[in-house]
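Please read the structure below before turning to the comments.
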Amino acid sequence: MQHLTYLAVLLACLLGTAPLEFALQARVYGRWRRAAAAILPVAAVFVLWDYRATAAGWWWFDDRYLIGVFLGPLPLEELMFFLVIPICGLLTFEAVRRLKPRWAPAATDVQVRR
Amino acid sequence: MIGAYTAAALAAITAAVLMDLVVLRTGLLRTRLFWASYAIVVFFQLIVNGILTGLGIVQYDPDVIIGVRLAFAPIEDLGFGFGLVTLTLVGWTRLGRRVVASAERA
C-alpha cells in the first residue's frame, strides 16, 4: 500500500477539486480542449526542467512511495503532478470566478460577460 | 553562489509575471480574482508539499536550495508552484479571450 502514496496524494487532489466542476460550474473539464491548450505547454517546460534536475541529482524520489513506473529518471507520478496541480488551479480559479463575478474585470475574460 | 533550484524558482516567478503583465497582457496579477484563487491554491499546496517532503517522497540536495523550509518543503517549492499555476491561468485566460475575438469577427 505504501507504494501508492504519491499516487494517492494526486488522486486526493483530483477528487477534492472535482466537485467544483459540477457544484460551482467551474467547467474546466467541460472545456477540456482549452484546458489542455493552457496546461500542456507549461507542463512541458516544467517536466523538461524536472527531468534535467532529477538527472543532475538535485532531487530524487523514494521508491518506497512510488508505483514503480518510470519514464527515464522521472516516476509516472511526477509527470502526473504537472497535469494534476494545474487542473486543480484552474478549477479553483473558475470556481472563485463563479462565486465572485465582480472580482473578475471584463478584461481578464470577456467570454464570461457574453 | 545561488542554488540551482533557488535560481529556477526565481526564474519561474519572473516568467509568470512577465507573461501576465508584458507578453500576453492578461493582467491577472492586478485582479482580486487571481489573488483570492492563489491564496486557496497555496494553502493546499503547503499541505500537499508538506506530505511529499515530510514523508521524504521527494528529497533535495542541500546544495541546490537556500535551506529555508515551510511545512517541511523548501521555500523554492512556493516559487515553482506559483510559476506552474500562474502560467497556466495566464494561458487559460488568454485562450478564453481569443474565443470571443473570433466570435465577434464572425
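Simple scheme: letters A, B, ... for chains in C-alpha cells order, numbers from 1 for residues in each chain, numbers from 1 for ligands in the order shown.
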
Report as a tab-separated table the residues of chain B within 7 Å of chain A, each with its shortest atom pair and distance in Å (one decimal), using only C-alpha atoms, ordered by chain and increasing residue number.
```
residue	atom	partner	partner_atom	distance
B:Thr26	CA	A:Thr108	CA	5.9
B:Gly27	CA	A:Thr108	CA	6.7
B:Leu28	CA	A:Thr108	CA	6.5
B:Thr31	CA	A:Ala104	CA	6.6
B:Arg32	CA	A:Trp103	CA	5.4
B:Leu33	CA	A:Trp103	CA	4.9
B:Phe34	CA	A:Phe93	CA	6.9
B:Ser37	CA	A:Phe93	CA	5.2
B:Val41	CA	A:Gly89	CA	6.4
B:Gly56	CA	A:Asp62	CA	6.7
B:Ile57	CA	A:Asp62	CA	5.0
B:Val58	CA	A:Phe61	CA	4.7
B:Gln59	CA	A:Trp60	CA	5.4
B:Tyr60	CA	A:Trp59	CA	4.3
B:Asp61	CA	A:Trp58	CA	5.1
B:Val64	CA	A:Trp58	CA	6.2
B:Leu84	CA	A:Val42	CA	6.9
B:Val85	CA	A:Pro86	CA	5.4
B:Leu87	CA	A:Val42	CA	6.7
B:Thr88	CA	A:Ala38	CA	5.4
B:Leu89	CA	A:Leu90	CA	6.4
B:Gly91	CA	A:Ala38	CA	4.8
B:Trp92	CA	A:Ala38	CA	5.0
B:Thr93	CA	A:Asp109	CA	5.9
B:Leu95	CA	A:Arg34	CA	6.8
B:Gly96	CA	A:Asp109	CA	6.2
B:Arg97	CA	A:Asp109	CA	5.8
B:Val100	CA	A:Gln111	CA	5.8
```

Go ahead and save the picked residues with C-alpha atoms, as a PDB file, in the first residue's frame.
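File result.pdb, as written:
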```
ATOM      1  CA  THR B  26      -3.766  39.186 -19.309  1.00  0.00           C
ATOM      2  CA  GLY B  27      -3.323  41.382 -16.223  1.00  0.00           C
ATOM      3  CA  LEU B  28      -4.345  38.612 -13.815  1.00  0.00           C
ATOM      4  CA  THR B  31      -7.126  41.202 -10.092  1.00  0.00           C
ATOM      5  CA  ARG B  32      -8.643  40.174  -6.790  1.00  0.00           C
ATOM      6  CA  LEU B  33      -9.879  37.040  -8.586  1.00  0.00           C
ATOM      7  CA  PHE B  34      -6.315  35.831  -9.110  1.00  0.00           C
ATOM      8  CA  SER B  37      -7.667  31.887  -6.059  1.00  0.00           C
ATOM      9  CA  VAL B  41      -4.145  27.130  -4.019  1.00  0.00           C
ATOM     10  CA  GLY B  56      10.561  12.055   2.051  1.00  0.00           C
ATOM     11  CA  ILE B  57       8.778  11.039  -1.155  1.00  0.00           C
ATOM     12  CA  VAL B  58      10.840  13.818  -2.735  1.00  0.00           C
ATOM     13  CA  GLN B  59      14.256  14.665  -1.286  1.00  0.00           C
ATOM     14  CA  TYR B  60      16.559  17.553  -2.142  1.00  0.00           C
ATOM     15  CA  ASP B  61      20.284  18.001  -2.470  1.00  0.00           C
ATOM     16  CA  VAL B  64      20.619  23.397  -4.680  1.00  0.00           C
ATOM     17  CA  LEU B  84       3.290  26.499 -12.683  1.00  0.00           C
ATOM     18  CA  VAL B  85      -0.187  27.629 -11.631  1.00  0.00           C
ATOM     19  CA  LEU B  87       1.426  30.468 -16.197  1.00  0.00           C
ATOM     20  CA  THR B  88      -1.436  28.000 -16.662  1.00  0.00           C
ATOM     21  CA  LEU B  89      -4.038  30.562 -15.559  1.00  0.00           C
ATOM     22  CA  GLY B  91      -2.664  30.806 -20.819  1.00  0.00           C
ATOM     23  CA  TRP B  92      -6.225  29.782 -19.958  1.00  0.00           C
ATOM     24  CA  THR B  93      -7.328  33.416 -19.740  1.00  0.00           C
ATOM     25  CA  LEU B  95      -7.224  31.438 -24.796  1.00  0.00           C
ATOM     26  CA  GLY B  96     -10.640  32.473 -23.494  1.00  0.00           C
ATOM     27  CA  ARG B  97     -10.217  35.917 -24.959  1.00  0.00           C
ATOM     28  CA  VAL B 100     -14.557  35.819 -28.055  1.00  0.00           C
TER      29      VAL B 100
END
```

re atom CA of Ile13 of chain B and atom CA of Thr86 of chain B: distance 8.7 Å

Exercise for the section: Can you pull out every residue within 12 Å of Phe72 of chain B, counting only C-alpha atoms, but drop anything in the same chain fewer than 2 positions away, and send it as a PyMOL selection string? Expected result: chain B and resi 45-60+67-70+74-78

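Taking atom CA of Leu48 of chain A as the reference point, atom CA of Gly30 of chain A is found at 28.0 Å.
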
note - atom CA of Ala12 of chain B and atom CA of Leu76 of chain A are separated by 22.7 Å

Please report, as a ChimeraX atom specification, each residue of chain A to which DSSP assigns helix (DSSP H, G or I) when run on this structure's backbone. /A:2-23,29-55,63-65,76-99,101-103,106-108,110-113
